[in-house]
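S.K.: Below: one structure in structure tokens.
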Amino acid sequence: LPILRDSSSWFSERHIAGQAIDLLEQAGASENEANSPHLRDEDKDKNWLQAELQREQWQFAWGTEIEWWRKWFATKGLHWPEDYANRMDPHAELDRDIKAQIHTPKGTRVKLLDVGSGPATSIGKVWTGCMLNVTAVDPLAEAYHQLYTEAMVTPPIVPIALEGERLTTMFPRDTFDIVHSKNAVDHSHNAPRVVQEMIRVAREGGIVIIYVNENVAKKENNWGFHRWNFEAMPRHYSRLPQGEDTLNHADVLRMNDSTEELLAAFDVFVWNEHSYQRVADLFPHTCAHIERVVVKEGYVEYPARYITVEIRKTGTDCPP
């Protein structure tokens, strides 16, 4: 397990880091512009420091995430026993909606990467008629081994310790047919970079699928691993002023009788207190494009809308 700081030390360090980030924000720094050729060296230094501080804050929250998964194992799924059963089932079939994204003849080997898998991936492990090779990665993978011991279980696929921001440090570009992430990209310390890295390791013609709940960090006040928000907005709507709620589902339904037809008209934004970016602007159109955005109502336990973003890798012209 990673060394977890005592609570007084954690809050003290978090306060100091927060003050430093506030100062950087006042100076106009933005971590996602750190590599811009138009920035002065001192601005790049500020942006680098801000990114490092955000990563430190994210690491302080490791303990809360590990404790959540400890309870998940102890109760066999908390409120979601079917999720536990699916994750621990070595014969779970890959979801048909994911299969539909890759047109492959029978007998073909399909390589799938699950990013931020947790201690046991939620993705199906079997594709009847094809040879499915699933790789799971999670930054807390080494800490999960203690949870396996406590629960006396071993998941069908044990994740590799790797941050989503650093996929290309382990995997070559253009490797996977499917790159998948469920409820994880918004838990990262640099969500825009995770999206870019997922696209880089997907092969040409492959698909990147990202599932997230909408604006979780905002709703949770940046608690725990919740550091980034994803927000879906109809394309002909501008972002509402600060403090106002986003367009609700009832308004969306009034705009068009067919939700499915309207969904293709959504833009998705990724944001936190320092950055607000359109997901489609995170990569050149010669590299990839957003093929579909689906927005669904949340469930009773967590009513936030659920966003699915499907990105098709169309070329190899993806910047480093």
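Convention: chains lettered A, B, ... in structure tokens order; per-chain residue numbering from 1; ligands numbered from 1 as shown.
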Can you pull out the residues contacting segment 145-154 of chain A? Cut-off 10 Å, using only C-alpha atoms, and skip same-chain residues under 5 positions away; I want them as a list of chain:residue names.
M.R.: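 Result of the neighbour search: A:Leu1, A:Ile66, A:Glu67, A:Trp69, A:Arg70, A:Lys71, A:Trp72, A:Phe73, A:Ala74, A:Thr75, A:Lys76, A:Met88, A:Pro119, A:Ala120, A:Leu140, A:Pro159.
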S.K.: Let me see the file: selected residues, N, CA and C atoms, as an mmCIF file, in the first residue's frame.
M.R.:
```
data_model
loop_
_atom_site.group_PDB
_atom_site.id
_atom_site.type_symbol
_atom_site.label_atom_id
_atom_site.label_comp_id
_atom_site.auth_asym_id
_atom_site.auth_seq_id
_atom_site.Cartn_x
_atom_site.Cartn_y
_atom_site.Cartn_z
ATOM 1 N N LEU A 1 0.833 -1.197 0.000
ATOM 2 C CA LEU A 1 0.000 0.000 0.000
ATOM 3 C C LEU A 1 0.869 1.248 0.000
ATOM 4 N N ILE A 66 -9.086 3.847 -2.161
ATOM 5 C CA ILE A 66 -8.786 2.487 -1.705
ATOM 6 C C ILE A 66 -9.825 2.018 -0.693
ATOM 7 N N GLU A 67 -10.212 2.922 0.208
ATOM 8 C CA GLU A 67 -11.225 2.553 1.207
ATOM 9 C C GLU A 67 -12.575 2.240 0.552
ATOM 10 N N TRP A 69 -13.039 0.937 -2.422
ATOM 11 C CA TRP A 69 -12.942 -0.400 -3.006
ATOM 12 C C TRP A 69 -12.868 -1.488 -1.924
ATOM 13 N N ARG A 70 -12.277 -1.182 -0.758
ATOM 14 C CA ARG A 70 -12.256 -2.151 0.338
ATOM 15 C C ARG A 70 -13.683 -2.495 0.764
ATOM 16 N N LYS A 71 -14.540 -1.466 0.866
ATOM 17 C CA LYS A 71 -15.947 -1.705 1.227
ATOM 18 C C LYS A 71 -16.664 -2.450 0.100
ATOM 19 N N TRP A 72 -16.280 -2.141 -1.127
ATOM 20 C CA TRP A 72 -16.900 -2.805 -2.289
ATOM 21 C C TRP A 72 -16.629 -4.303 -2.237
ATOM 22 N N PHE A 73 -15.398 -4.695 -1.937
ATOM 23 C CA PHE A 73 -15.060 -6.113 -1.816
ATOM 24 C C PHE A 73 -15.756 -6.748 -0.619
ATOM 25 N N ALA A 74 -15.753 -6.043 0.506
ATOM 26 C CA ALA A 74 -16.322 -6.610 1.733
ATOM 27 C C ALA A 74 -17.812 -6.886 1.596
ATOM 28 N N THR A 75 -18.518 -6.047 0.845
ATOM 29 C CA THR A 75 -19.977 -6.189 0.684
ATOM 30 C C THR A 75 -20.354 -6.856 -0.641
ATOM 31 N N LYS A 76 -19.328 -7.205 -1.420
ATOM 32 C CA LYS A 76 -19.536 -7.780 -2.752
ATOM 33 C C LYS A 76 -20.385 -6.864 -3.633
ATOM 34 N N MET A 88 -16.150 -10.044 -11.506
ATOM 35 C CA MET A 88 -15.445 -11.232 -11.048
ATOM 36 C C MET A 88 -15.711 -12.462 -11.913
ATOM 37 N N PRO A 119 -9.882 -2.330 -9.270
ATOM 38 C CA PRO A 119 -9.226 -3.602 -8.952
ATOM 39 C C PRO A 119 -9.692 -4.774 -9.797
ATOM 40 N N ALA A 120 -10.870 -4.640 -10.407
ATOM 41 C CA ALA A 120 -11.401 -5.692 -11.289
ATOM 42 C C ALA A 120 -12.150 -5.003 -12.424
ATOM 43 N N LEU A 140 -3.676 2.687 -9.118
ATOM 44 C CA LEU A 140 -3.640 2.102 -7.777
ATOM 45 C C LEU A 140 -3.487 0.584 -7.803
ATOM 46 N N PRO A 159 -5.081 -5.717 -12.878
ATOM 47 C CA PRO A 159 -4.595 -4.542 -13.609
ATOM 48 C C PRO A 159 -3.105 -4.289 -13.412
#
```
S.K.: Hey, what does DSSP flag as strand (DSSP E) within segment 15-213 of chain A? Can you give it to me as a ChimeraX atom specification?
M.R.: /A:109-115,131-138,160-161,176-182,202-213
S.K.: Quick one, how far is atom CA of Glu82 of chain A from atom CA of Ser122 of chain A?
M.R.: 10.6 Å
S.K.: Take atom CA of Val194 of chain A and atom CA of Gly315 of chain A and report the distance between them in Å, one decimal.
M.R.: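 Separation between atom CA of Val194 of chain A and atom CA of Gly315 of chain A: 18.4 Å.
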S.K.: Rank nothing, just name the residue among A:Asp89, A:Cys318, A:Thr308, A:Arg227 nearest to Ala202 of chain A, using only C-alpha atoms.
M.R.: A:Cys318
S.K.: May I ask for the distance between atom CA of His180 of chain A and atom CA of Ala61 of chain A, given in Å to one decimal place?
M.R.: 23.3 Å
S.K.: Would you pick out the contacts of Lys313 of chain A at 9 Å or less, using only C-alpha atoms, so that residues sharing its chain but fewer than 6 positions from it are not included, and give the list as a PDB file with N, CA, C and O atoms, in the first residue's frame?
M.R.:
```
ATOM      1  N   ILE A 199      -6.321   8.006 -27.275  1.00  0.00           N
ATOM      2  CA  ILE A 199      -6.366   8.065 -28.748  1.00  0.00           C
ATOM      3  C   ILE A 199      -5.039   7.615 -29.341  1.00  0.00           C
ATOM      4  O   ILE A 199      -5.000   6.883 -30.341  1.00  0.00           O
ATOM      5  N   ARG A 200      -3.944   8.001 -28.721  1.00  0.00           N
ATOM      6  CA  ARG A 200      -2.619   7.643 -29.261  1.00  0.00           C
ATOM      7  C   ARG A 200      -2.407   6.133 -29.301  1.00  0.00           C
ATOM      8  O   ARG A 200      -1.808   5.613 -30.241  1.00  0.00           O
ATOM      9  N   ALA A 202      -4.726   3.818 -29.483  1.00  0.00           N
ATOM     10  CA  ALA A 202      -5.703   3.133 -30.336  1.00  0.00           C
ATOM     11  C   ALA A 202      -5.137   3.011 -31.746  1.00  0.00           C
ATOM     12  O   ALA A 202      -4.418   3.893 -32.222  1.00  0.00           O
ATOM     13  N   ARG A 203      -5.452   1.921 -32.405  1.00  0.00           N
ATOM     14  CA  ARG A 203      -4.987   1.751 -33.788  1.00  0.00           C
ATOM     15  C   ARG A 203      -5.847   2.578 -34.742  1.00  0.00           C
ATOM     16  O   ARG A 203      -6.959   2.999 -34.401  1.00  0.00           O
ATOM     17  N   GLU A 204      -5.351   2.811 -35.942  1.00  0.00           N
ATOM     18  CA  GLU A 204      -6.141   3.501 -36.956  1.00  0.00           C
ATOM     19  C   GLU A 204      -7.394   2.668 -37.263  1.00  0.00           C
ATOM     20  O   GLU A 204      -7.303   1.469 -37.523  1.00  0.00           O
ATOM     21  N   GLY A 205      -8.554   3.280 -37.181  1.00  0.00           N
ATOM     22  CA  GLY A 205      -9.816   2.571 -37.367  1.00  0.00           C
ATOM     23  C   GLY A 205     -10.394   2.060 -36.070  1.00  0.00           C
ATOM     24  O   GLY A 205     -11.540   1.613 -36.020  1.00  0.00           O
ATOM     25  N   GLY A 206      -9.604   2.115 -34.985  1.00  0.00           N
ATOM     26  CA  GLY A 206     -10.071   1.662 -33.681  1.00  0.00           C
ATOM     27  C   GLY A 206     -10.994   2.678 -33.031  1.00  0.00           C
ATOM     28  O   GLY A 206     -11.200   3.784 -33.539  1.00  0.00           O
ATOM     29  N   ILE A 207     -11.523   2.315 -31.871  1.00  0.00           N
ATOM     30  CA  ILE A 207     -12.505   3.150 -31.189  1.00  0.00           C
ATOM     31  C   ILE A 207     -12.072   3.409 -29.754  1.00  0.00           C
ATOM     32  O   ILE A 207     -11.550   2.515 -29.074  1.00  0.00           O
ATOM     33  N   VAL A 208     -12.255   4.639 -29.306  1.00  0.00           N
ATOM     34  CA  VAL A 208     -12.052   5.031 -27.912  1.00  0.00           C
ATOM     35  C   VAL A 208     -13.432   5.297 -27.318  1.00  0.00           C
ATOM     36  O   VAL A 208     -14.210   6.075 -27.863  1.00  0.00           O
ATOM     37  N   THR A 286      -7.402  15.224 -38.351  1.00  0.00           N
ATOM     38  CA  THR A 286      -6.693  14.232 -39.165  1.00  0.00           C
ATOM     39  C   THR A 286      -6.303  13.009 -38.340  1.00  0.00           C
ATOM     40  O   THR A 286      -5.879  12.001 -38.891  1.00  0.00           O
ATOM     41  N   CYS A 287      -6.434  13.107 -37.018  1.00  0.00           N
ATOM     42  CA  CYS A 287      -6.071  12.015 -36.117  1.00  0.00           C
ATOM     43  C   CYS A 287      -7.307  11.221 -35.692  1.00  0.00           C
ATOM     44  O   CYS A 287      -7.288   9.985 -35.679  1.00  0.00           O
ATOM     45  N   ALA A 288      -8.384  11.930 -35.328  1.00  0.00           N
ATOM     46  CA  ALA A 288      -9.576  11.261 -34.800  1.00  0.00           C
ATOM     47  C   ALA A 288     -10.762  12.211 -34.875  1.00  0.00           C
ATOM     48  O   ALA A 288     -10.595  13.422 -35.066  1.00  0.00           O
ATOM     49  N   HIS A 289     -11.955  11.664 -34.716  1.00  0.00           N
ATOM     50  CA  HIS A 289     -13.143  12.506 -34.622  1.00  0.00           C
ATOM     51  C   HIS A 289     -14.159  11.849 -33.692  1.00  0.00           C
ATOM     52  O   HIS A 289     -14.174  10.625 -33.529  1.00  0.00           O
ATOM     53  N   ILE A 290     -15.004  12.671 -33.083  1.00  0.00           N
ATOM     54  CA  ILE A 290     -16.060  12.139 -32.229  1.00  0.00           C
ATOM     55  C   ILE A 290     -17.156  11.565 -33.122  1.00  0.00           C
ATOM     56  O   ILE A 290     -17.737  12.270 -33.942  1.00  0.00           O
TER      57      ILE A 290
END
```
S.K.: Which residues are near Asp95 of chain A? Cut-off 9 Å, only C-alpha atoms, ignore same chain within fewer than 5 positions. Put them as a ChimeraX atom specification.
M.R.: /A:100,123-124,127
S.K.: Hey, what does DSSP flag as alpha helix (DSSP H) within segment 27-224 of chain A? Can you give it to me as a VMD selection string?
M.R.: chain A and resid 41 to 60 62 to 75 81 to 87 96 to 99 141 to 151 191 to 201 216 to 219
